[in-house]
$ cat protein_38.csv   # CSV, C-alpha atoms
chain,number,residue,atom,x,y,z
J,63,MET,CA,-88.9,-30.6,90.1
J,64,THR,CA,-87.1,-32.0,87.1
J,65,SER,CA,-83.9,-33.3,88.9
J,66,SER,CA,-84.1,-37.0,89.2
J,67,THR,CA,-81.2,-37.0,91.7
J,68,LEU,CA,-83.4,-35.4,94.3
J,69,TRP,CA,-85.6,-38.5,94.4
J,70,GLN,CA,-82.8,-41.1,94.7
J,71,PRO,CA,-82.7,-43.0,98.0
J,72,PHE,CA,-79.6,-42.5,100.2
J,73,THR,CA,-77.9,-44.2,103.1
J,74,LEU,CA,-76.9,-41.8,105.9
J,75,GLY,CA,-75.0,-43.7,108.6
J,76,ARG,CA,-77.4,-46.4,109.8
J,77,VAL,CA,-80.5,-44.6,108.3
J,78,GLU,CA,-82.0,-45.4,104.9
J,79,LEU,CA,-83.5,-42.2,103.4
J,80,PRO,CA,-86.2,-42.3,100.7
J,81,HIS,CA,-84.8,-39.2,98.9
J,82,ARG,CA,-82.4,-36.4,99.2
J,83,LEU,CA,-84.5,-33.8,101.0
J,84,ALA,CA,-84.5,-33.1,104.8
J,85,LEU,CA,-86.0,-30.8,107.3
J,86,ALA,CA,-83.5,-28.1,108.3
J,87,PRO,CA,-83.1,-27.4,112.0
J,88,MET,CA,-85.0,-24.3,113.0
J,89,THR,CA,-85.8,-22.7,116.4
J,90,ARG,CA,-89.5,-22.5,116.9
J,91,ASN,CA,-89.8,-21.7,120.7
J,92,ARG,CA,-92.7,-24.1,121.4
J,93,ALA,CA,-91.3,-26.3,124.2
J,94,GLU,CA,-92.7,-26.2,127.7
J,95,ALA,CA,-91.2,-23.8,130.2
J,96,ASP,CA,-89.0,-26.6,131.6
J,97,GLY,CA,-87.7,-27.5,128.1
J,98,THR,CA,-89.9,-30.5,127.6
J,99,PRO,CA,-91.3,-30.9,124.0
J,100,GLY,CA,-95.0,-31.5,124.4
J,101,PRO,CA,-97.6,-33.1,122.1
J,102,MET,CA,-97.8,-30.0,119.8
J,103,VAL,CA,-94.1,-30.4,119.1
J,104,ALA,CA,-94.6,-34.0,118.3
J,105,GLU,CA,-97.4,-33.1,115.9
J,106,TYR,CA,-95.3,-30.5,114.2
J,107,TYR,CA,-92.4,-32.9,113.4
J,108,GLY,CA,-94.8,-35.7,112.6
J,109,GLN,CA,-96.5,-33.6,110.0
J,110,ARG,CA,-93.2,-33.1,108.2
J,111,ALA,CA,-92.0,-36.7,108.5
J,112,SER,CA,-92.2,-37.3,104.7
J,113,LEU,CA,-89.0,-35.1,104.4
J,114,GLY,CA,-87.2,-38.3,105.5
J,115,LEU,CA,-84.3,-36.8,107.6
J,116,ILE,CA,-85.8,-34.7,110.3
J,117,ILE,CA,-83.1,-32.5,112.0
J,118,SER,CA,-84.7,-31.0,115.1
J,119,GLU,CA,-84.4,-27.5,116.4
J,120,GLY,CA,-81.4,-26.7,118.6
J,121,THR,CA,-81.8,-28.6,121.9
J,122,GLN,CA,-79.8,-27.6,124.9
J,123,PRO,CA,-77.6,-30.3,126.6
J,124,SER,CA,-77.8,-28.5,130.0
J,125,GLU,CA,-79.1,-25.4,131.8
J,126,ASP,CA,-76.0,-23.4,130.8
J,127,GLY,CA,-76.8,-24.3,127.2
J,128,GLN,CA,-80.1,-22.5,126.9
J,129,GLY,CA,-80.2,-19.2,125.2
J,130,TYR,CA,-83.8,-18.5,124.2
J,131,LEU,CA,-87.2,-18.8,125.8
J,132,ASN,CA,-89.1,-22.1,125.3
J,133,THR,CA,-86.4,-24.1,123.6
J,134,PRO,CA,-86.2,-27.8,124.3
J,135,GLY,CA,-83.7,-29.6,126.4
J,136,ILE,CA,-82.4,-33.2,126.3
J,137,TYR,CA,-80.9,-33.7,129.7
J,138,THR,CA,-83.7,-34.7,132.1
J,139,ASP,CA,-86.1,-37.6,132.3
J,140,ALA,CA,-89.0,-35.3,131.4
J,141,HIS,CA,-87.1,-34.2,128.3
J,142,ILE,CA,-86.4,-37.8,127.2
J,143,ALA,CA,-90.1,-38.6,127.6
J,144,GLY,CA,-91.1,-35.6,125.6
J,145,TRP,CA,-88.7,-36.4,122.8
J,146,ARG,CA,-89.9,-40.0,122.8
J,147,GLY,CA,-93.3,-38.7,121.7
J,148,VAL,CA,-91.6,-36.7,118.9
J,149,ALA,CA,-89.6,-39.7,117.7
J,150,ASP,CA,-92.7,-41.9,117.7
J,151,ALA,CA,-94.5,-39.3,115.5
J,152,VAL,CA,-91.7,-39.0,113.1
J,153,HIS,CA,-91.2,-42.7,112.8
J,154,ALA,CA,-95.0,-43.2,112.3
J,155,GLY,CA,-94.7,-40.9,109.3
J,156,GLY,CA,-91.7,-42.8,107.8
J,157,GLY,CA,-89.1,-40.3,108.9
J,158,SER,CA,-85.8,-40.5,110.9
J,159,LEU,CA,-85.1,-38.1,113.7
J,160,PHE,CA,-81.7,-36.5,114.5
J,161,ILE,CA,-81.8,-34.2,117.5
J,162,GLN,CA,-79.6,-31.2,117.2
J,163,LEU,CA,-77.5,-30.6,120.3
J,164,MET,CA,-77.0,-26.8,120.7
J,165,HIS,CA,-75.1,-25.1,123.5
J,166,VAL,CA,-75.5,-21.4,123.0
J,167,GLY,CA,-72.5,-20.2,125.1
J,168,ARG,CA,-72.5,-16.5,125.4
J,169,THR,CA,-75.7,-16.0,123.2
J,170,SER,CA,-77.9,-16.1,126.3
J,171,HIS,CA,-79.3,-14.1,129.2
J,172,PRO,CA,-79.7,-15.1,132.8
J,173,ASP,CA,-83.5,-14.3,132.6
J,174,ASN,CA,-83.9,-17.1,130.1
J,175,THR,CA,-82.1,-20.0,131.9
J,176,PRO,CA,-83.4,-22.2,134.8
J,177,HIS,CA,-80.5,-21.2,137.1
J,178,HIS,CA,-80.2,-17.5,136.1
J,179,ARG,CA,-76.4,-17.7,136.0
J,180,GLN,CA,-74.0,-15.6,133.9
J,181,PRO,CA,-73.5,-17.2,130.4
J,182,ILE,CA,-70.3,-19.1,129.7
J,183,ALA,CA,-68.0,-18.7,126.7
J,184,PRO,CA,-64.4,-19.3,125.6
J,185,SER,CA,-63.5,-15.8,126.6
J,186,ALA,CA,-65.2,-13.0,128.6
J,187,ILE,CA,-66.3,-11.1,125.5
J,188,ALA,CA,-69.9,-10.0,125.0
J,189,PRO,CA,-71.4,-10.3,121.5
J,190,GLY,CA,-72.7,-6.7,121.6
J,191,GLN,CA,-76.3,-7.8,120.9
J,192,GLU,CA,-79.6,-8.1,122.6
J,193,MET,CA,-81.5,-11.2,123.7
J,194,PHE,CA,-85.3,-11.4,123.8
J,195,THR,CA,-86.5,-12.2,127.3
J,196,ALA,CA,-89.9,-12.3,129.1
J,197,ASN,CA,-89.1,-8.6,129.9
J,198,GLY,CA,-88.4,-7.7,126.3
J,199,PRO,CA,-85.1,-7.3,124.6
J,200,LEU,CA,-82.1,-6.9,127.0
J,201,PRO,CA,-78.4,-6.5,126.3
J,202,ILE,CA,-76.5,-9.8,126.5
J,203,PRO,CA,-74.2,-9.6,129.4
J,204,THR,CA,-70.5,-10.3,129.3
J,205,PRO,CA,-70.0,-14.1,129.7
J,206,ARG,CA,-67.7,-15.9,132.2
J,207,GLU,CA,-64.6,-17.3,130.6
J,208,MET,CA,-64.7,-21.1,130.8
J,209,THR,CA,-62.1,-22.8,133.0
J,210,SER,CA,-60.5,-26.2,132.0
J,211,ALA,CA,-63.0,-27.8,134.4
J,212,ASP,CA,-65.9,-26.0,132.6
J,213,ILE,CA,-64.7,-27.3,129.2
J,214,ALA,CA,-64.6,-30.9,130.5
J,215,SER,CA,-68.0,-30.5,132.1
J,216,VAL,CA,-69.6,-29.2,128.9
J,217,ILE,CA,-68.1,-32.1,126.9
J,218,ALA,CA,-69.6,-34.5,129.4
J,219,GLU,CA,-72.9,-32.7,129.0
J,220,PHE,CA,-72.8,-33.2,125.2
J,221,ARG,CA,-72.1,-36.9,125.9
J,222,HIS,CA,-75.0,-37.2,128.3
J,223,ALA,CA,-77.3,-35.4,125.9
J,224,ALA,CA,-76.4,-37.7,123.0
J,225,ALA,CA,-77.1,-40.8,125.1
J,226,SER,CA,-80.4,-39.2,126.3
J,227,ALA,CA,-81.4,-38.5,122.6
J,228,ILE,CA,-80.9,-42.2,121.7
J,229,ALA,CA,-82.8,-43.2,124.9
J,230,ALA,CA,-85.7,-41.1,123.6
J,231,GLY,CA,-85.8,-43.0,120.4
J,232,ALA,CA,-83.9,-40.6,118.1
J,233,ASP,CA,-82.0,-42.1,115.2
J,234,GLY,CA,-79.0,-39.9,115.8
J,235,VAL,CA,-77.8,-36.4,116.9
J,236,GLU,CA,-76.4,-33.4,115.1
J,237,ILE,CA,-73.8,-31.3,117.0
J,238,HIS,CA,-74.4,-27.6,116.4
J,239,GLY,CA,-71.0,-26.1,115.7
J,240,ALA,CA,-72.4,-23.1,113.8
J,241,ASN,CA,-74.4,-19.9,113.8
J,242,GLY,CA,-72.6,-18.1,116.5
J,243,TYR,CA,-73.1,-20.6,119.3
J,244,LEU,CA,-70.6,-22.1,121.7
J,245,LEU,CA,-68.6,-24.3,119.4
J,246,HIS,CA,-68.5,-21.5,116.8
J,247,GLN,CA,-67.3,-19.1,119.5
J,248,PHE,CA,-64.3,-21.3,120.1
J,249,LEU,CA,-63.6,-21.3,116.4
J,250,SER,CA,-63.8,-17.5,116.0
J,251,PRO,CA,-60.7,-15.3,116.8
J,252,ASN,CA,-62.9,-12.4,117.8
J,253,ALA,CA,-64.8,-14.5,120.4
J,254,ASN,CA,-61.9,-16.7,121.5
J,255,HIS,CA,-58.9,-14.8,123.0
J,256,ARG,CA,-57.7,-17.8,125.1
J,257,THR,CA,-53.9,-18.4,125.5
J,258,ASP,CA,-54.2,-22.1,126.5
J,259,ALA,CA,-54.6,-25.2,124.4
J,260,TYR,CA,-58.0,-24.0,123.2
J,261,GLY,CA,-57.1,-20.7,121.7
J,262,GLY,CA,-54.6,-19.0,119.4
J,263,SER,CA,-53.8,-21.2,116.4
J,264,VAL,CA,-56.4,-22.8,114.1
J,265,GLU,CA,-55.5,-26.1,115.6
J,266,ASN,CA,-56.1,-24.9,119.1
J,267,ARG,CA,-59.4,-23.2,118.2
J,268,SER,CA,-60.6,-26.4,116.7
J,269,ARG,CA,-59.7,-28.5,119.7
J,270,PHE,CA,-63.0,-28.1,121.7
J,271,VAL,CA,-65.1,-28.9,118.6
J,272,ILE,CA,-63.1,-32.0,117.9
J,273,GLU,CA,-63.2,-33.2,121.6
J,274,VAL,CA,-67.0,-32.7,121.7
J,275,ALA,CA,-67.4,-34.7,118.5
J,276,GLN,CA,-65.1,-37.4,119.7
J,277,ALA,CA,-67.0,-37.7,123.0
J,278,VAL,CA,-70.4,-37.9,121.3
J,279,ALA,CA,-69.2,-40.4,118.8
J,280,ASP,CA,-67.7,-42.6,121.5
J,281,GLU,CA,-70.9,-42.4,123.4
J,282,ILE,CA,-73.4,-43.4,120.7
J,283,GLY,CA,-71.4,-44.4,117.7
J,284,SER,CA,-69.9,-42.2,115.0
J,285,ASP,CA,-72.5,-43.3,112.4
J,286,LEU,CA,-75.3,-41.8,114.5
J,287,VAL,CA,-73.6,-38.3,114.6
J,288,GLY,CA,-73.7,-35.4,112.3
J,289,ILE,CA,-72.1,-32.0,112.8
J,290,ARG,CA,-73.1,-28.6,111.5
J,291,LEU,CA,-70.7,-25.8,110.6
J,292,SER,CA,-71.2,-22.3,109.2
J,293,PRO,CA,-67.9,-20.9,107.8
J,294,ALA,CA,-67.9,-17.1,107.9
J,295,MET,CA,-71.5,-16.9,109.3
J,296,PRO,CA,-71.6,-13.5,111.1
J,297,LEU,CA,-74.4,-14.4,113.5
J,298,GLY,CA,-74.0,-13.8,117.3
J,299,GLY,CA,-71.3,-11.1,116.8
J,300,ILE,CA,-69.0,-13.6,115.2
J,301,ASP,CA,-66.2,-12.3,112.8
J,302,GLU,CA,-63.9,-15.0,111.6
J,303,GLY,CA,-61.7,-12.7,109.5
J,304,ASP,CA,-61.0,-12.7,105.8
J,305,ALA,CA,-61.8,-15.5,103.3
J,306,GLU,CA,-58.3,-17.0,103.6
J,307,SER,CA,-58.5,-17.1,107.4
J,308,VAL,CA,-61.8,-18.8,107.2
J,309,ARG,CA,-60.6,-21.3,104.7
J,310,ALA,CA,-57.6,-22.1,106.8
J,311,GLN,CA,-59.7,-22.7,109.9
J,312,TYR,CA,-62.3,-24.9,108.3
J,313,ARG,CA,-60.0,-27.0,106.2
J,314,GLN,CA,-58.0,-27.8,109.3
J,315,LEU,CA,-61.1,-28.5,111.4
J,316,VAL,CA,-62.9,-30.7,108.8
J,317,GLY,CA,-59.6,-32.5,108.1
J,318,ALA,CA,-59.3,-33.2,111.8
J,319,LEU,CA,-62.9,-34.4,112.1
J,320,ALA,CA,-62.8,-36.6,109.0
J,321,PRO,CA,-61.1,-39.6,110.7
J,322,LEU,CA,-64.1,-39.8,113.1
J,323,ASN,CA,-66.2,-41.0,110.2
J,324,LEU,CA,-69.3,-39.2,111.4
J,325,ALA,CA,-72.6,-39.8,109.5
J,326,TYR,CA,-72.5,-36.4,107.9
J,327,LEU,CA,-71.2,-32.9,107.7
J,328,HIS,CA,-73.9,-30.2,107.5
J,329,VAL,CA,-72.7,-26.9,106.0
J,330,HIS,CA,-74.8,-23.8,106.5
J,331,HIS,CA,-73.3,-22.2,103.4
J,332,VAL,CA,-73.0,-18.4,102.9
J,333,GLY,CA,-71.4,-18.3,99.5
J,334,ASP,CA,-67.7,-19.5,99.4
J,335,ASP,CA,-68.1,-22.3,96.8
J,336,GLU,CA,-64.3,-22.8,96.7
J,337,LEU,CA,-64.3,-23.6,100.4
J,338,LEU,CA,-67.4,-25.8,100.1
J,339,ARG,CA,-65.8,-27.8,97.2
J,340,SER,CA,-62.6,-28.4,99.2
J,341,LEU,CA,-64.6,-29.5,102.3
J,342,ARG,CA,-66.5,-31.9,100.1
J,343,GLU,CA,-63.1,-33.4,98.9
J,344,ILE,CA,-61.9,-33.7,102.5
J,345,TRP,CA,-65.0,-35.2,104.0
J,346,PRO,CA,-65.4,-39.0,103.8
J,347,THR,CA,-69.1,-39.4,104.3
J,348,ALA,CA,-72.3,-37.5,103.4
J,349,VAL,CA,-72.4,-33.8,103.0
J,350,VAL,CA,-75.6,-31.8,103.8
J,351,VAL,CA,-75.8,-28.3,102.4
J,352,VAL,CA,-78.3,-25.5,103.1
J,353,ARG,CA,-78.1,-22.2,101.4
J,354,TYR,CA,-80.0,-18.9,102.0
J,355,GLY,CA,-82.4,-17.8,99.3
J,356,ARG,CA,-82.7,-20.9,97.2
J,357,THR,CA,-85.7,-20.9,94.9
J,358,ARG,CA,-87.9,-24.0,94.4
J,359,GLU,CA,-86.0,-24.6,91.1
J,360,GLN,CA,-82.6,-24.5,92.8
J,361,ILE,CA,-83.2,-27.0,95.6
J,362,ALA,CA,-81.3,-29.8,93.9
J,363,ASP,CA,-78.5,-27.6,92.4
J,364,ASP,CA,-75.8,-28.6,94.9
J,365,ILE,CA,-76.6,-32.2,94.6
J,366,ASP,CA,-76.5,-32.1,90.8
J,367,ALA,CA,-73.2,-30.3,91.1
J,368,GLY,CA,-71.7,-33.0,93.3
J,369,LEU,CA,-71.3,-30.6,96.2
J,370,ALA,CA,-73.9,-32.2,98.5
J,371,ASP,CA,-75.8,-35.4,99.0
J,372,ILE,CA,-78.8,-33.9,100.8
J,373,ALA,CA,-80.7,-30.6,100.6
J,374,PRO,CA,-82.5,-29.5,103.8
J,375,LEU,CA,-85.5,-27.3,103.5
J,376,GLY,CA,-86.4,-24.5,106.0
J,377,ARG,CA,-89.0,-21.9,105.2
J,378,PHE,CA,-90.6,-24.0,102.5
J,379,ALA,CA,-91.1,-26.9,105.0
J,380,ILE,CA,-92.5,-24.7,107.8
J,381,ALA,CA,-95.3,-23.4,105.6
J,382,ASN,CA,-95.9,-26.7,103.7
J,383,PRO,CA,-95.9,-29.8,105.9
J,384,ASP,CA,-96.4,-31.8,102.8
J,385,VAL,CA,-93.7,-30.1,100.8
J,386,VAL,CA,-92.4,-33.4,99.4
J,387,GLU,CA,-95.7,-34.1,97.8
J,388,ARG,CA,-95.9,-30.5,96.5
J,389,LEU,CA,-92.5,-30.8,94.9
J,390,ARG,CA,-93.3,-34.2,93.3
J,391,THR,CA,-96.6,-33.0,91.9
J,392,ASP,CA,-95.5,-29.4,91.1
J,393,ALA,CA,-98.2,-28.1,93.3
J,394,PRO,CA,-98.1,-24.5,94.6
J,395,PHE,CA,-96.5,-23.6,97.9
J,396,THR,CA,-98.3,-21.9,100.8
J,397,GLU,CA,-96.5,-18.7,101.8
J,398,LEU,CA,-94.8,-18.4,105.2
J,399,ASP,CA,-96.1,-16.0,107.7
J,400,PRO,CA,-92.9,-14.6,109.4
J,401,ALA,CA,-94.9,-13.0,112.2
J,402,THR,CA,-95.8,-16.5,113.6
J,403,LEU,CA,-92.3,-18.0,113.5
J,404,TYR,CA,-91.7,-17.6,117.2
J,405,ALA,CA,-95.1,-16.5,118.4
J,406,GLY,CA,-96.0,-19.6,120.4
J,407,GLY,CA,-99.0,-21.8,120.1
J,408,ALA,CA,-100.4,-23.7,117.1
J,409,THR,CA,-100.8,-20.7,114.8
J,410,GLY,CA,-98.0,-20.7,112.2
J,411,TYR,CA,-96.8,-24.0,113.6
J,412,THR,CA,-99.1,-26.9,113.2
J,413,ASP,CA,-102.0,-25.2,111.4
J,414,TYR,CA,-100.4,-24.8,107.9
J,415,PRO,CA,-102.7,-26.7,105.4
J,416,THR,CA,-101.8,-29.8,103.4
J,417,LEU,CA,-102.9,-30.2,99.8
J,418,THR,CA,-105.7,-32.5,101.0
J,419,ALA,CA,-106.8,-30.0,103.6
J,420,SER,CA,-106.7,-27.2,101.1
$ encode --input "protein_38.csv" --output "structure tokens"
Amino acid sequence: MTSSTLWQPFTLGRVELPHRLALAPMTRNRAEADGTPGPMVAEYYGQRASLGLIISEGTQPSEDGQGYLNTPGIYTDAHIAGWRGVADAVHAGGGSLFIQLMHVGRTSHPDNTPHHRQPIAPSAIAPGQEMFTANGPLPIPTPREMTSADIASVIAEFRHAAASAIAAGADGVEIHGANGYLLHQFLSPNANHRTDAYGGSVENRSRFVIEVAQAVADEIGSDLVGIRLSPAMPLGGIDEGDAESVRAQYRQLVGALAPLNLAYLHVHHVGDDELLRSLREIWPTAVVVVRYGRTREQIADDIDAGLADIAPLGRFAIANPDVVERLRTDAPFTELDPATLYAGGATGYTDYPTLTAS
């Protein structure tokens, strides 16, 4: 790596980071059946602590928030105890842990949740996709449209989850408003057909996201909170319309979130550099940007271009727990084995070698 900006320290909210790299949040399906992250999860994150900012996999704030098998939760005492082990491992390696709070909304199946209830969503619209369950892939059922009481309850769940994350020793939380999950469903006109204050206009579709962010910031402090957005990301059956519609939605949303002074905005970028540049201009604090398909040589490009402050790593970091050292020394990367991403167990999770082990 030749970019000197990548190795500059950075202050993110209350956290002092040693450089501009981070671990991107990635589902790995290694939690216990009850959602508790066990010692193997702590080992995994601890191995990658040199990345500085460790953003965890999506972590459900409630039973309704779970979509996939063996994903972690952060709403019970057992969850808090499990995450405390993760936080301790990350801190021992010199890193800082932000737990990503992810409510999947309609992207779920009753077979995968503790209570086996129908998924909830802004509107009773199925995504038209399948969900992997213990019985194999099954069609995702039509969700139940959330009532006003449901909306208030989910906001309270995010608040409780944020407090639980801090109780577990995390340095902050990231609100997942991206990738086709619940908050993204409220933003998308093809998933949100509501006619109340949470649907219709771009302002109304933004309302739930803003209220979640405000509640979490009120609970733990705005400088301990990041939020992830993915404009135009077509995951989970989401279709946000043409480029101008997407730009209108996200410029309004980010403008409304900006006064909260959250620690960072995390953009899962799919190619609209004009929109990214305008969001950067609106946002008052740090911007974190991850792009698909970056090469090793392109990791610092958005930082060098002034579009981002931090560049999270995904696939590179999975297969190379010491990716920071490999970048600093121009050492070769280990290749990722896609077959083990969600396979369970240590294989493809904690057994990737370091340079020393190699």
$ closest_residue --input "protein_38.csv" --among "J:Met88, J:Leu200, J:Ile182, J:Leu68" --to "J:Gln247" --atoms "only C-alpha atoms"
J:Ile182
$ residues_around --input "protein_38.csv" --residues "J:Thr418" --least-positions-apart "3" --cutoff "12 Å" --atoms "all atoms listed in the file" --output "list in words"
Asn382, Pro383, Asp384, Glu387, Arg388, Ala393, Tyr414 and Pro415 of chain J
$ closest_residue --input "protein_38.csv" --among "J:Ser158, J:Asn174, J:Gln191, J:Thr416" --to "J:Ala95" --atoms "all atoms listed in the file"
J:Asn174
$ residues_around --input "protein_38.csv" --residues "stretch 243-246 of chain J" --least-positions-apart "5" --cutoff "6 Å" --atoms "only C-alpha atoms" --output "count of residues only"
4
$ residues_around --input "protein_38.csv" --residues "J:Gln180" --least-positions-apart "2" --cutoff "7 Å" --atoms "only C-alpha atoms" --output "count of residues only"
5
$ closest_residue --input "protein_38.csv" --among "J:Asn266, J:Glu302, J:Asp96, J:Arg90" --to "J:Pro400" --atoms "only C-alpha atoms"
J:Arg90
$ closest_residue --input "protein_38.csv" --among "J:Pro394, J:Gly242, J:Gly127, J:Pro184" --to "J:Ala259" --atoms "all atoms listed in the file"
J:Pro184
$ closest_residue --input "protein_38.csv" --among "J:Glu125, J:Asp399, J:Asp413, J:Asp285" --to "J:Thr175" --atoms "all atoms listed in the file"
J:Glu125
$ build_atoms --input "protein_38.csv" --residues "stretch 243-251 of chain J" --atoms "all heavy atoms" --output "short mmCIF file (atom, residue, chain, number, x, y, z; two decimals), keeping the file's coordinate frame"
data_model
loop_
_atom_site.label_atom_id
_atom_site.label_comp_id
_atom_site.auth_asym_id
_atom_site.auth_seq_id
_atom_site.Cartn_x
_atom_site.Cartn_y
_atom_site.Cartn_z
N TYR J 243 -72.98 -19.95 118.04
CA TYR J 243 -73.10 -20.60 119.30
C TYR J 243 -71.80 -21.09 119.87
O TYR J 243 -70.76 -20.81 119.31
CB TYR J 243 -74.23 -21.64 119.28
CG TYR J 243 -75.56 -21.05 118.86
CD1 TYR J 243 -76.24 -21.49 117.72
CD2 TYR J 243 -76.13 -19.99 119.57
CE1 TYR J 243 -77.44 -20.92 117.33
CE2 TYR J 243 -77.32 -19.41 119.18
CZ TYR J 243 -77.98 -19.88 118.05
OH TYR J 243 -79.16 -19.30 117.67
N LEU J 244 -71.81 -21.83 120.98
CA LEU J 244 -70.60 -22.10 121.70
C LEU J 244 -69.44 -22.64 120.92
O LEU J 244 -68.31 -22.14 120.98
CB LEU J 244 -70.88 -23.00 122.93
CG LEU J 244 -69.68 -23.26 123.83
CD1 LEU J 244 -69.16 -21.98 124.47
CD2 LEU J 244 -70.02 -24.29 124.90
N LEU J 245 -69.69 -23.68 120.15
CA LEU J 245 -68.60 -24.30 119.40
C LEU J 245 -68.05 -23.30 118.35
O LEU J 245 -66.83 -23.21 118.12
CB LEU J 245 -69.03 -25.58 118.72
CG LEU J 245 -68.97 -26.84 119.61
CD1 LEU J 245 -69.95 -26.77 120.76
CD2 LEU J 245 -69.21 -28.09 118.79
N HIS J 246 -68.95 -22.54 117.73
CA HIS J 246 -68.50 -21.50 116.80
C HIS J 246 -67.74 -20.42 117.45
O HIS J 246 -66.80 -19.85 116.87
CB HIS J 246 -69.78 -20.95 116.08
CG HIS J 246 -69.49 -20.25 114.79
ND1 HIS J 246 -70.47 -19.59 114.08
CD2 HIS J 246 -68.36 -20.10 114.06
CE1 HIS J 246 -69.95 -19.07 112.98
NE2 HIS J 246 -68.67 -19.36 112.96
N GLN J 247 -68.09 -20.11 118.70
CA GLN J 247 -67.30 -19.10 119.50
C GLN J 247 -65.90 -19.52 119.68
O GLN J 247 -64.99 -18.70 119.61
CB GLN J 247 -68.06 -18.83 120.79
CG GLN J 247 -69.39 -18.13 120.64
CD GLN J 247 -70.32 -18.33 121.83
OE1 GLN J 247 -69.87 -18.54 122.96
NE2 GLN J 247 -71.63 -18.29 121.59
N PHE J 248 -65.68 -20.81 119.95
CA PHE J 248 -64.30 -21.30 120.10
C PHE J 248 -63.55 -21.18 118.78
O PHE J 248 -62.33 -20.92 118.78
CB PHE J 248 -64.32 -22.77 120.55
CG PHE J 248 -64.30 -22.92 122.05
CD1 PHE J 248 -65.47 -22.95 122.77
CD2 PHE J 248 -63.10 -23.02 122.73
CE1 PHE J 248 -65.46 -23.09 124.16
CE2 PHE J 248 -63.07 -23.15 124.11
CZ PHE J 248 -64.26 -23.18 124.83
N LEU J 249 -64.22 -21.33 117.65
CA LEU J 249 -63.60 -21.30 116.40
C LEU J 249 -63.19 -19.85 115.93
O LEU J 249 -62.28 -19.65 115.13
CB LEU J 249 -64.45 -21.89 115.28
CG LEU J 249 -64.75 -23.39 115.40
CD1 LEU J 249 -65.80 -23.79 114.36
CD2 LEU J 249 -63.47 -24.20 115.22
N SER J 250 -63.91 -18.87 116.47
CA SER J 250 -63.80 -17.50 116.00
C SER J 250 -62.76 -16.69 116.74
O SER J 250 -62.85 -16.55 117.96
CB SER J 250 -65.14 -16.80 116.04
OG SER J 250 -65.02 -15.48 115.58
N PRO J 251 -61.77 -16.10 116.06
CA PRO J 251 -60.70 -15.30 116.80
C PRO J 251 -61.26 -14.10 117.48
O PRO J 251 -60.62 -13.62 118.41
CB PRO J 251 -59.73 -14.98 115.67
CG PRO J 251 -60.48 -15.12 114.39
CD PRO J 251 -61.51 -16.19 114.61
#
